[in-house]
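*Asks:* Handing over final.txt, compact mmCIF, C-alpha atoms.
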# COMPACT_ATOMS: atom_id res chain seq x y z
CA MET A 140 9.39 -1.92 -28.15
CA ASN A 141 6.95 -1.47 -25.34
CA LYS A 142 5.95 2.04 -24.60
CA THR A 143 5.24 2.75 -20.96
CA THR A 144 3.03 5.59 -20.01
CA LYS A 145 3.75 7.22 -16.71
CA ALA A 146 1.73 9.77 -14.85
CA ARG A 147 3.39 13.13 -14.94
CA LYS A 148 3.22 15.76 -12.30
CA TYR A 149 1.96 18.95 -13.78
CA ASN A 150 2.42 22.16 -11.93
CA SER A 151 0.94 25.32 -13.21
CA SER A 152 0.18 28.61 -11.57
CA LYS A 153 -3.02 28.89 -13.61
CA LEU A 154 -4.12 25.45 -12.48
CA GLN A 155 -3.36 26.36 -8.89
CA GLU A 156 -5.41 29.54 -9.26
CA LEU A 157 -8.35 27.52 -10.50
CA LEU A 158 -8.02 25.04 -7.63
CA ASP A 159 -7.84 27.89 -5.15
CA GLU A 160 -11.19 29.12 -6.44
CA VAL A 161 -12.86 25.85 -5.43
CA THR A 162 -14.39 26.13 -1.99
CA PRO A 163 -14.10 23.27 0.52
CA LEU A 164 -17.85 22.72 0.20
CA GLU A 165 -17.62 22.36 -3.58
CA MET A 166 -14.69 20.02 -3.12
CA GLU A 167 -16.75 17.89 -0.74
CA GLN A 168 -19.71 17.87 -3.13
CA THR A 169 -17.49 16.62 -5.95
CA LYS A 170 -15.98 13.99 -3.67
CA VAL A 171 -19.42 12.71 -2.65
CA LYS A 172 -20.56 12.53 -6.27
CA MET A 173 -17.46 10.59 -7.28
CA GLN A 174 -17.73 8.21 -4.34
CA LEU A 175 -21.39 7.63 -5.10
CA ALA A 176 -20.58 6.85 -8.74
CA ALA A 177 -17.81 4.48 -7.66
CA ARG A 178 -20.11 2.72 -5.20
CA ILE A 179 -22.80 2.21 -7.84
CA GLU A 180 -20.21 0.84 -10.26
CA ASP A 181 -18.87 -1.51 -7.55
CA PHE A 182 -22.35 -2.84 -6.87
CA MET A 183 -22.93 -3.25 -10.61
CA ARG A 184 -19.70 -5.23 -10.99
CA ALA A 185 -20.53 -7.31 -7.92
CA LYS A 186 -23.72 -8.33 -9.70
CA GLY A 187 -21.67 -9.32 -12.71
CA TRP A 188 -23.39 -6.83 -14.96
CA ASN A 189 -21.84 -4.64 -17.60
CA LYS A 190 -23.04 -1.13 -18.38
CA SER A 191 -25.52 -2.28 -21.02
CA GLN A 192 -27.08 -4.83 -18.70
CA PHE A 193 -27.27 -2.31 -15.89
CA ALA A 194 -28.83 0.23 -18.28
CA GLU A 195 -31.53 -2.30 -19.11
CA LYS A 196 -32.28 -2.86 -15.43
CA VAL A 197 -32.79 0.83 -14.77
CA ASN A 198 -34.42 1.58 -18.12
CA LYS A 199 -31.75 4.00 -19.26
CA ASN A 200 -29.41 4.31 -22.22
CA PRO A 201 -25.86 2.97 -21.75
CA SER A 202 -24.60 6.49 -22.46
CA GLU A 203 -26.54 7.68 -19.42
CA ILE A 204 -24.78 5.07 -17.29
CA THR A 205 -21.42 6.24 -18.59
CA LYS A 206 -22.36 9.73 -17.52
CA TRP A 207 -23.35 8.47 -14.06
CA PHE A 208 -20.01 6.75 -13.63
CA SER A 209 -18.11 9.86 -14.63
CA GLY A 210 -18.79 11.20 -11.16
CA THR A 211 -20.39 14.43 -12.35
CA GLN A 212 -24.02 13.35 -12.12
CA ASN A 213 -26.20 15.10 -9.55
CA PHE A 214 -28.59 12.26 -8.73
CA THR A 215 -32.11 12.87 -7.55
CA THR A 216 -33.57 10.81 -4.72
CA ASP A 217 -35.94 9.08 -7.13
CA VAL A 218 -33.11 7.97 -9.41
CA LEU A 219 -31.04 6.76 -6.48
CA THR A 220 -33.98 4.79 -5.13
CA GLU A 221 -34.43 3.24 -8.56
CA ILE A 222 -30.73 2.33 -8.72
CA ALA A 223 -30.74 0.85 -5.22
CA SER A 224 -33.82 -1.17 -6.08
CA ALA A 225 -32.26 -2.50 -9.27
CA LEU A 226 -29.07 -3.41 -7.43
CA GLY A 227 -30.97 -4.98 -4.56
CA VAL A 228 -29.31 -2.90 -1.86
CA GLU A 229 -30.43 -0.40 0.75
CA LEU A 230 -30.38 3.23 -0.35
CA THR A 231 -27.96 4.07 2.49
CA GLU A 232 -25.45 1.52 1.22
CA LEU A 233 -24.98 3.61 -1.92
CA PHE A 234 -23.60 6.36 0.27
CA GLY A 235 -20.86 4.14 1.61
CA LYS A 236 -22.73 3.16 4.71
CA LYS A 237 -20.81 -0.08 4.86
CA GLN A 238 -21.54 -2.91 7.17
CA VAL A 239 -18.18 -2.38 8.81
CA GLN A 240 -18.64 -1.77 12.51
CA VAL A 241 -16.10 -0.66 15.06
CA ILE A 242 -15.82 -3.42 17.63
CA TYR A 243 -12.82 -2.35 19.66
CA ARG A 244 -10.79 0.77 20.26
CA LYS A 245 -7.96 1.26 22.70
CA GLU A 246 -5.01 3.55 23.22
CA ILE A 247 -1.84 2.42 24.95
CA VAL A 248 1.33 4.30 25.84
CA VAL A 249 4.54 2.32 26.24
CA LYS A 250 8.13 3.33 26.69
CA SER A 251 11.33 1.73 25.52
CA THR A 252 15.01 2.47 25.79
CA ALA A 253 17.16 1.64 22.83
CA PRO A 254 20.43 -0.12 23.63
CA GLN A 255 23.50 2.07 23.31
CA PRO A 256 25.36 1.32 20.09
CA THR A 257 28.66 -0.43 20.62
CA PHE A 258 31.58 -0.35 18.23
CA ILE A 259 34.08 -3.17 17.92
CA ILE A 260 37.29 -1.96 16.35
CA THR A 261 39.67 -4.54 15.08
CA THR A 262 43.14 -3.33 14.16
CA PRO A 263 44.64 -4.51 10.89
CA MET A 264 47.44 -6.21 12.87
CA SER A 265 45.02 -8.86 13.91
CA GLN A 266 44.93 -9.96 10.28
CA GLY A 267 48.49 -11.22 10.61
CA ILE A 268 51.96 -10.22 9.51
CA ASP A 269 54.22 -11.44 6.77
CA ALA A 270 57.71 -12.91 7.07
CA ASP A 271 59.27 -9.43 7.25
CA GLY A 272 56.97 -8.37 10.07
CA ASN A 273 54.82 -6.11 7.87
CA CYS A 274 51.12 -5.97 8.27
CA LEU A 275 49.47 -7.85 5.44
CA LEU A 276 46.79 -5.23 5.01
CA THR A 277 48.91 -2.11 5.33
CA ASN A 278 52.06 -3.14 3.48
CA GLN A 279 51.38 -1.54 0.11
CA GLU A 280 54.32 -3.21 -1.56
CA ASN A 281 52.71 -6.54 -1.07
CA LYS A 282 49.15 -5.49 -1.77
CA SER A 283 49.36 -3.06 -4.68
CA PRO A 284 49.37 -4.68 -8.11
CA PHE A 285 50.94 -1.50 -9.52
CA THR A 286 53.97 -1.57 -7.22
CA LYS A 287 56.34 -3.12 -9.75
CA TYR A 288 55.37 -0.68 -12.49
CA TYR A 289 55.58 2.22 -10.10
CA GLN A 290 59.06 1.19 -9.03
CA ALA A 291 60.15 0.68 -12.64
CA TYR A 292 58.86 4.14 -13.56
CA ASN A 293 60.67 5.80 -10.68
CA GLY A 294 63.71 3.61 -10.90
CA MET B 126 -4.85 -21.55 8.82
CA ALA B 127 -4.63 -20.87 12.53
CA LYS B 128 -6.99 -22.31 15.07
CA ILE B 129 -7.66 -20.83 18.47
CA GLU B 130 -9.13 -23.48 20.65
CA LYS B 131 -10.76 -22.98 23.97
CA LYS B 132 -13.57 -24.61 25.80
CA ASP B 133 -16.20 -22.26 24.54
CA PHE B 134 -15.09 -21.49 20.99
CA ASN B 135 -12.88 -22.59 18.16
CA VAL B 136 -11.88 -19.91 15.68
CA GLU B 137 -10.60 -20.66 12.22
CA MET B 138 -8.92 -17.68 10.67
CA HIS B 139 -6.18 -16.51 8.38
CA ILE B 140 -4.55 -13.24 7.46
CA ARG B 141 -6.03 -11.90 4.26
CA ALA B 142 -3.75 -8.87 3.89
CA ILE B 143 -1.29 -6.57 5.60
CA GLU B 144 -1.27 -2.95 4.50
CA LEU B 145 1.06 -0.13 5.37
CA LEU B 146 -1.31 2.82 5.54
CA ASN B 147 1.11 5.49 6.59
CA GLY B 148 4.73 5.91 7.53
CA SER B 149 6.58 9.11 8.32
CA LEU B 150 9.53 10.32 10.31
CA GLN B 151 10.61 13.73 11.43
CA PHE B 152 14.28 14.36 11.85
CA PRO B 153 15.00 15.98 15.22
CA SER B 154 16.34 19.53 15.32
CA THR B 155 19.38 18.34 17.27
CA PRO B 156 20.62 15.43 15.17
CA ASN B 157 23.86 15.03 17.12
CA THR B 158 22.00 14.15 20.28
CA ALA B 159 21.08 10.51 20.01
CA VAL B 160 17.51 9.67 20.98
CA THR B 161 17.67 6.56 23.09
CA THR B 162 14.38 6.64 24.94
CA PHE B 163 11.19 6.45 22.98
CA ASN B 164 7.56 6.70 23.92
CA PHE B 165 5.06 4.89 21.76
CA ASN B 166 1.49 6.06 21.60
CA ILE B 167 -0.36 3.07 20.22
CA SER B 168 -3.92 3.26 19.03
CA ILE B 169 -5.69 0.07 18.06
CA GLU B 170 -9.01 -0.01 16.31
CA SER B 171 -10.83 -3.15 15.21
CA LYS B 172 -13.63 -3.17 12.70
CA ALA B 173 -15.75 -6.07 11.58
CA ASP B 174 -17.31 -6.61 8.20
CA ALA B 175 -19.84 -9.34 8.94
CA PRO B 176 -21.05 -10.08 5.38
CA ASN B 177 -17.48 -10.66 4.20
CA LYS B 178 -16.38 -12.37 7.46
CA LEU B 179 -13.52 -9.94 7.85
CA VAL B 180 -11.99 -8.22 10.84
CA PHE B 181 -9.74 -5.21 10.25
CA VAL B 182 -7.28 -4.33 12.97
CA ILE B 183 -5.68 -0.95 12.38
CA VAL B 184 -2.68 -0.08 14.51
CA HIS B 185 -1.44 3.51 14.61
CA VAL B 186 1.89 4.09 16.30
CA GLU B 187 3.24 7.51 17.13
CA ILE B 188 6.85 7.59 18.28
CA LYS B 189 7.73 10.39 20.64
CA ASN B 190 10.85 11.41 22.48
CA ASP B 191 11.49 10.97 26.19
CA ASP B 192 9.38 13.89 27.42
CA HIS B 193 6.65 13.51 24.76
CA SER B 194 7.53 16.96 23.41
CA LEU B 195 8.45 15.84 19.91
CA VAL B 196 6.86 13.44 17.46
CA LEU B 197 9.72 11.56 15.84
CA GLY B 198 7.75 9.32 13.58
CA ALA B 199 4.42 7.67 12.90
CA LEU B 200 3.25 4.51 11.27
CA SER B 201 -0.11 2.88 10.58
CA VAL B 202 -0.63 -0.73 9.65
CA SER B 203 -3.82 -2.53 8.82
CA CYS B 204 -4.10 -6.28 9.32
CA ILE B 205 -7.08 -7.90 7.66
CA PHE B 206 -8.20 -11.22 9.09
CA GLU B 207 -10.73 -13.57 7.62
CA ILE B 208 -12.71 -15.46 10.24
CA VAL B 209 -13.94 -18.56 8.49
CA ASN B 210 -16.55 -19.42 11.11
CA PHE B 211 -17.49 -15.78 11.70
CA ASP B 212 -21.18 -16.53 12.18
CA GLU B 213 -20.47 -19.05 14.93
CA ILE B 214 -18.03 -16.89 16.85
CA ILE B 215 -19.36 -13.37 16.52
CA LYS B 216 -22.94 -12.83 17.51
CA ILE B 217 -25.02 -10.07 16.02
CA GLU B 218 -27.32 -8.56 18.63
CA ASP B 219 -30.83 -7.30 17.97
CA ASN B 220 -29.63 -3.73 17.65
CA GLY B 221 -27.11 -4.80 15.01
CA LYS B 222 -24.08 -4.56 17.28
CA LEU B 223 -21.48 -7.27 17.11
CA ASP B 224 -20.51 -9.24 20.21
CA ILE B 225 -16.98 -10.53 19.74
CA PRO B 226 -15.21 -12.72 22.33
CA GLN B 227 -12.60 -10.89 24.39
CA ARG B 228 -10.02 -13.60 23.79
CA LEU B 229 -10.37 -13.26 20.04
CA ILE B 230 -9.89 -9.50 20.29
CA GLU B 231 -6.76 -10.04 22.35
CA THR B 232 -5.37 -12.59 19.90
CA LEU B 233 -5.99 -10.36 16.90
CA ASN B 234 -4.45 -7.41 18.73
CA ILE B 235 -1.34 -9.39 19.67
CA ILE B 236 -0.87 -10.59 16.09
CA SER B 237 -1.42 -7.10 14.72
CA ILE B 238 0.95 -5.45 17.19
CA SER B 239 3.65 -8.00 16.37
CA THR B 240 3.11 -7.47 12.66
CA THR B 241 3.30 -3.72 13.16
CA ARG B 242 6.56 -4.17 15.10
CA GLY B 243 8.08 -5.96 12.12
CA VAL B 244 6.74 -3.51 9.55
CA MET B 245 7.96 -0.62 11.72
CA PHE B 246 11.45 -2.07 12.01
CA SER B 247 11.57 -2.65 8.28
CA THR B 248 10.35 0.87 7.54
CA PHE B 249 12.66 2.70 9.94
CA LYS B 250 15.68 0.45 9.51
CA GLY B 251 18.84 2.48 8.99
CA THR B 252 17.26 5.76 10.09
CA PHE B 253 17.63 7.49 13.44
CA LEU B 254 14.61 5.44 14.52
CA HIS B 255 16.46 2.19 13.94
CA GLY B 256 16.50 1.51 17.67
CA ALA B 257 12.84 2.40 18.19
CA VAL B 258 11.63 -1.17 18.49
CA LEU B 259 8.10 -1.50 19.73
CA PRO B 260 8.29 -3.18 23.13
CA ILE B 261 6.41 -6.32 24.06
CA ILE B 262 3.01 -5.39 25.37
CA ASP B 263 1.17 -7.34 28.01
CA SER B 264 -2.06 -8.67 26.56
CA LYS B 265 -3.85 -7.55 29.73
CA GLN B 266 -3.48 -4.00 28.48
CA PHE B 267 -5.88 -4.80 25.67
CA GLN B 268 -8.65 -5.75 28.05
CA ILE B 269 -11.47 -3.34 28.55
CA GLY B 270 -14.66 -3.55 30.53
CA SER B 271 -16.86 -3.84 27.51
CA GLN B 272 -15.58 -4.46 24.03
CA LYS B 273 -18.62 -2.93 22.41
CA VAL B 274 -17.96 0.49 21.04
CA GLU B 275 -20.54 2.92 19.80
CA GLU B 276 -20.39 3.52 16.06
What do you get writing this file as structure tokens?
*Replies:*
Amino acid sequence: MNKTTKARKYNSSKLQELLDEVTPLEMEQTKVKMQLAARIEDFMRAKGWNKSQFAEKVNKNPSEITKWFSGTQNFTTDVLTEIASALGVELTELFGKKQVQVIYRKEIVVKSTAPQPTFIITTPMSQGIDADGNCLLTNQENKSPFTKYYQAYNG
Amino acid sequence: MAKIEKKDFNVEMHIRAIELLNGSLQFPSTPNTAVTTFNFNISIESKADAPNKLVFVIVHVEIKNDDHSLVLGALSVSCIFEIVNFDEIIKIEDNGKLDIPQRLIETLNIISISTTRGVMFSTFKGTFLHGAVLPIIDSKQFQIGSQKVEE
């Protein structure tokens, strides 16, 4: 039997208290560190290297690379320059300075009127009548499968 | 693969991906009053990724009521196009800015708006925004004096 693991939402007042203690600046610092780690890992994968190979290129232990990718590392400029050099990219590219350039931007306002909804009501009579002149859809004697039993019970 | 042919250029491109970035609706405070007239604030932004030969067209649509006083819903769609002959069509100037033909911008915008119309209908189908179908937009509205935008 396959066991599926699903992410659970965890709400805790204590956890919320801790999160409330984090200032927006600290939050941003953490975000930058994590993005930087993710960018370095992306560049490493794009080169087709694994952590050990990357560690060799930057003269570090693989455990150090694991720490870098955890997103908690506070890199110095020298280390970042070394990483960028090993990866063969510009230092600024590590900070997400992608080559994506805005080439067009425009805002337009348009108006539309939705068509009024129309209702077509078809009466049951249009479905036809039986030999006795009863509507085929509304004559319960003809339609109900329980009619005979019901009559027998009451009869 | 689609080809846009004109005297001066011939673009080979295809759609790499369509992404629904955001979709939300806000039920009006007076639900019994049917909203029949909608205003659409459309924002189009195109970005180019030259090394990967990609153009991203992001369309944000904000649906408002008749007098623009209430936002009824919003939707953002990203269409990612791959321009096979990117280097031939889009010139990179000395300052690094990209010079993209106006006609290509218009074509990409038209495709993206149409795609957004479909995604929007699919998203809001069956809700009170069922009738909020994005109208057909004249391609002239996409024209601007200069297509180069500061980063």
*Asks:* Near chain B, which residues of chain A fall within 7 Å when you count all atoms listed in the file, and what do they look like as a PDB file with C-alpha atoms, keeping the file's coordinate frame?
*Replies:*
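Saved the output as selection23.pdb:
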ATOM      1  CA  GLN A 238     -21.540  -2.910   7.170  1.00  0.00           C
ATOM      2  CA  VAL A 239     -18.180  -2.380   8.810  1.00  0.00           C
ATOM      3  CA  GLN A 240     -18.640  -1.770  12.510  1.00  0.00           C
ATOM      4  CA  VAL A 241     -16.100  -0.660  15.060  1.00  0.00           C
ATOM      5  CA  ILE A 242     -15.820  -3.420  17.630  1.00  0.00           C
ATOM      6  CA  TYR A 243     -12.820  -2.350  19.660  1.00  0.00           C
ATOM      7  CA  ARG A 244     -10.790   0.770  20.260  1.00  0.00           C
ATOM      8  CA  LYS A 245      -7.960   1.260  22.700  1.00  0.00           C
ATOM      9  CA  GLU A 246      -5.010   3.550  23.220  1.00  0.00           C
ATOM     10  CA  ILE A 247      -1.840   2.420  24.950  1.00  0.00           C
ATOM     11  CA  VAL A 248       1.330   4.300  25.840  1.00  0.00           C
ATOM     12  CA  VAL A 249       4.540   2.320  26.240  1.00  0.00           C
ATOM     13  CA  LYS A 250       8.130   3.330  26.690  1.00  0.00           C
ATOM     14  CA  SER A 251      11.330   1.730  25.520  1.00  0.00           C
ATOM     15  CA  THR A 252      15.010   2.470  25.790  1.00  0.00           C
ATOM     16  CA  ALA A 253      17.160   1.640  22.830  1.00  0.00           C
TER      17      ALA A 253
END
*Asks:* How far is it from CA of His139 (chain B) to CA of Gly243 (chain B), in Å with one decimal?
*Replies:* 18.1 Å
*Asks:* Identify, on the basis of all atoms listed in the file, every residue whose closest approach to Thr231 (chain A) does not exceed 12 Å; exclude the query and any residue fewer than 2 positions from it along the same chain; express the result as a list of chain:residue names.
*Replies:*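 The neighbour list is A:Leu175, A:Arg178, A:Ile179, A:Thr216, A:Leu219, A:Thr220, A:Ile222, A:Ala223, A:Ser224, A:Gly227, A:Val228, A:Glu229, A:Leu233, A:Phe234, A:Gly235, A:Lys236, A:Lys237, A:Gln238.
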*Asks:* Nearest residue to Met138 (chain B) out of B:Gly251, B:Leu233, B:Phe152, B:Asp192, using only C-alpha atoms?
*Replies:*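 Closest to Met138 (chain B), using only C-alpha atoms: B:Leu233.
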*Asks:* How many Å lie between CA of Glu203 (chain A) and CA of Asp181 (chain A), rounded to one decimal?
*Replies:*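 Value for the CA of Glu203 (chain A)-CA of Asp181 (chain A) distance: 16.9 Å.
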*Asks:* Would you fill out region 197-225 of chain A with N, CA and C atoms and return it as a short mmCIF file (atom, residue, chain, number, x, y, z; two decimals), keeping the file's coordinate frame?
*Replies:*
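New file result-v3.cif:
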data_model
loop_
_atom_site.label_atom_id
_atom_site.label_comp_id
_atom_site.auth_asym_id
_atom_site.auth_seq_id
_atom_site.Cartn_x
_atom_site.Cartn_y
_atom_site.Cartn_z
N VAL A 197 -32.27 -0.45 -15.26
CA VAL A 197 -32.79 0.83 -14.77
C VAL A 197 -33.49 1.63 -15.87
N ASN A 198 -33.72 0.97 -16.99
CA ASN A 198 -34.42 1.58 -18.12
C ASN A 198 -33.78 2.88 -18.60
N LYS A 199 -32.47 2.82 -18.77
CA LYS A 199 -31.75 4.00 -19.26
C LYS A 199 -30.88 3.58 -20.45
N ASN A 200 -30.35 4.59 -21.14
CA ASN A 200 -29.41 4.31 -22.22
C ASN A 200 -28.03 4.05 -21.62
N PRO A 201 -27.23 3.19 -22.26
CA PRO A 201 -25.86 2.97 -21.75
C PRO A 201 -25.06 4.27 -21.64
N SER A 202 -25.33 5.22 -22.52
CA SER A 202 -24.60 6.49 -22.46
C SER A 202 -24.91 7.23 -21.16
N GLU A 203 -26.14 7.05 -20.69
CA GLU A 203 -26.54 7.68 -19.42
C GLU A 203 -25.75 7.07 -18.26
N ILE A 204 -25.54 5.77 -18.34
CA ILE A 204 -24.78 5.07 -17.29
C ILE A 204 -23.33 5.55 -17.29
N THR A 205 -22.80 5.73 -18.49
CA THR A 205 -21.42 6.24 -18.59
C THR A 205 -21.32 7.61 -17.93
N LYS A 206 -22.35 8.40 -18.13
CA LYS A 206 -22.36 9.73 -17.52
C LYS A 206 -22.43 9.62 -15.99
N TRP A 207 -23.24 8.68 -15.52
CA TRP A 207 -23.35 8.47 -14.06
C TRP A 207 -21.99 8.13 -13.47
N PHE A 208 -21.28 7.23 -14.17
CA PHE A 208 -20.01 6.75 -13.63
C PHE A 208 -18.88 7.78 -13.77
N SER A 209 -19.14 8.84 -14.49
CA SER A 209 -18.11 9.86 -14.63
C SER A 209 -17.92 10.63 -13.33
N GLY A 210 -18.91 10.54 -12.45
CA GLY A 210 -18.79 11.20 -11.16
C GLY A 210 -19.26 12.64 -11.17
N THR A 211 -19.92 13.04 -12.26
CA THR A 211 -20.39 14.43 -12.35
C THR A 211 -21.91 14.52 -12.19
N GLN A 212 -22.55 13.37 -12.16
CA GLN A 212 -24.02 13.35 -12.12
C GLN A 212 -24.55 13.78 -10.75
N ASN A 213 -25.54 14.69 -10.78
CA ASN A 213 -26.20 15.10 -9.55
C ASN A 213 -27.50 14.30 -9.44
N PHE A 214 -27.45 13.18 -8.78
CA PHE A 214 -28.59 12.26 -8.73
C PHE A 214 -29.74 12.84 -7.92
N THR A 215 -30.94 12.53 -8.36
CA THR A 215 -32.11 12.87 -7.55
C THR A 215 -32.42 11.66 -6.66
N THR A 216 -33.22 11.89 -5.65
CA THR A 216 -33.57 10.81 -4.72
C THR A 216 -34.31 9.69 -5.45
N ASP A 217 -35.16 10.09 -6.38
CA ASP A 217 -35.94 9.08 -7.13
C ASP A 217 -35.01 8.17 -7.93
N VAL A 218 -34.03 8.78 -8.58
CA VAL A 218 -33.11 7.97 -9.41
C VAL A 218 -32.28 7.05 -8.51
N LEU A 219 -31.84 7.59 -7.39
CA LEU A 219 -31.04 6.76 -6.48
C LEU A 219 -31.86 5.59 -5.93
N THR A 220 -33.11 5.86 -5.62
CA THR A 220 -33.98 4.79 -5.13
C THR A 220 -34.15 3.71 -6.20
N GLU A 221 -34.29 4.16 -7.44
CA GLU A 221 -34.43 3.24 -8.56
C GLU A 221 -33.16 2.39 -8.72
N ILE A 222 -32.02 3.04 -8.59
CA ILE A 222 -30.73 2.33 -8.72
C ILE A 222 -30.59 1.30 -7.60
N ALA A 223 -30.87 1.75 -6.37
CA ALA A 223 -30.74 0.85 -5.22
C ALA A 223 -31.66 -0.35 -5.37
N SER A 224 -32.86 -0.09 -5.87
CA SER A 224 -33.82 -1.17 -6.08
C SER A 224 -33.31 -2.17 -7.12
N ALA A 225 -32.78 -1.63 -8.21
CA ALA A 225 -32.26 -2.50 -9.27
C ALA A 225 -31.07 -3.33 -8.79
#
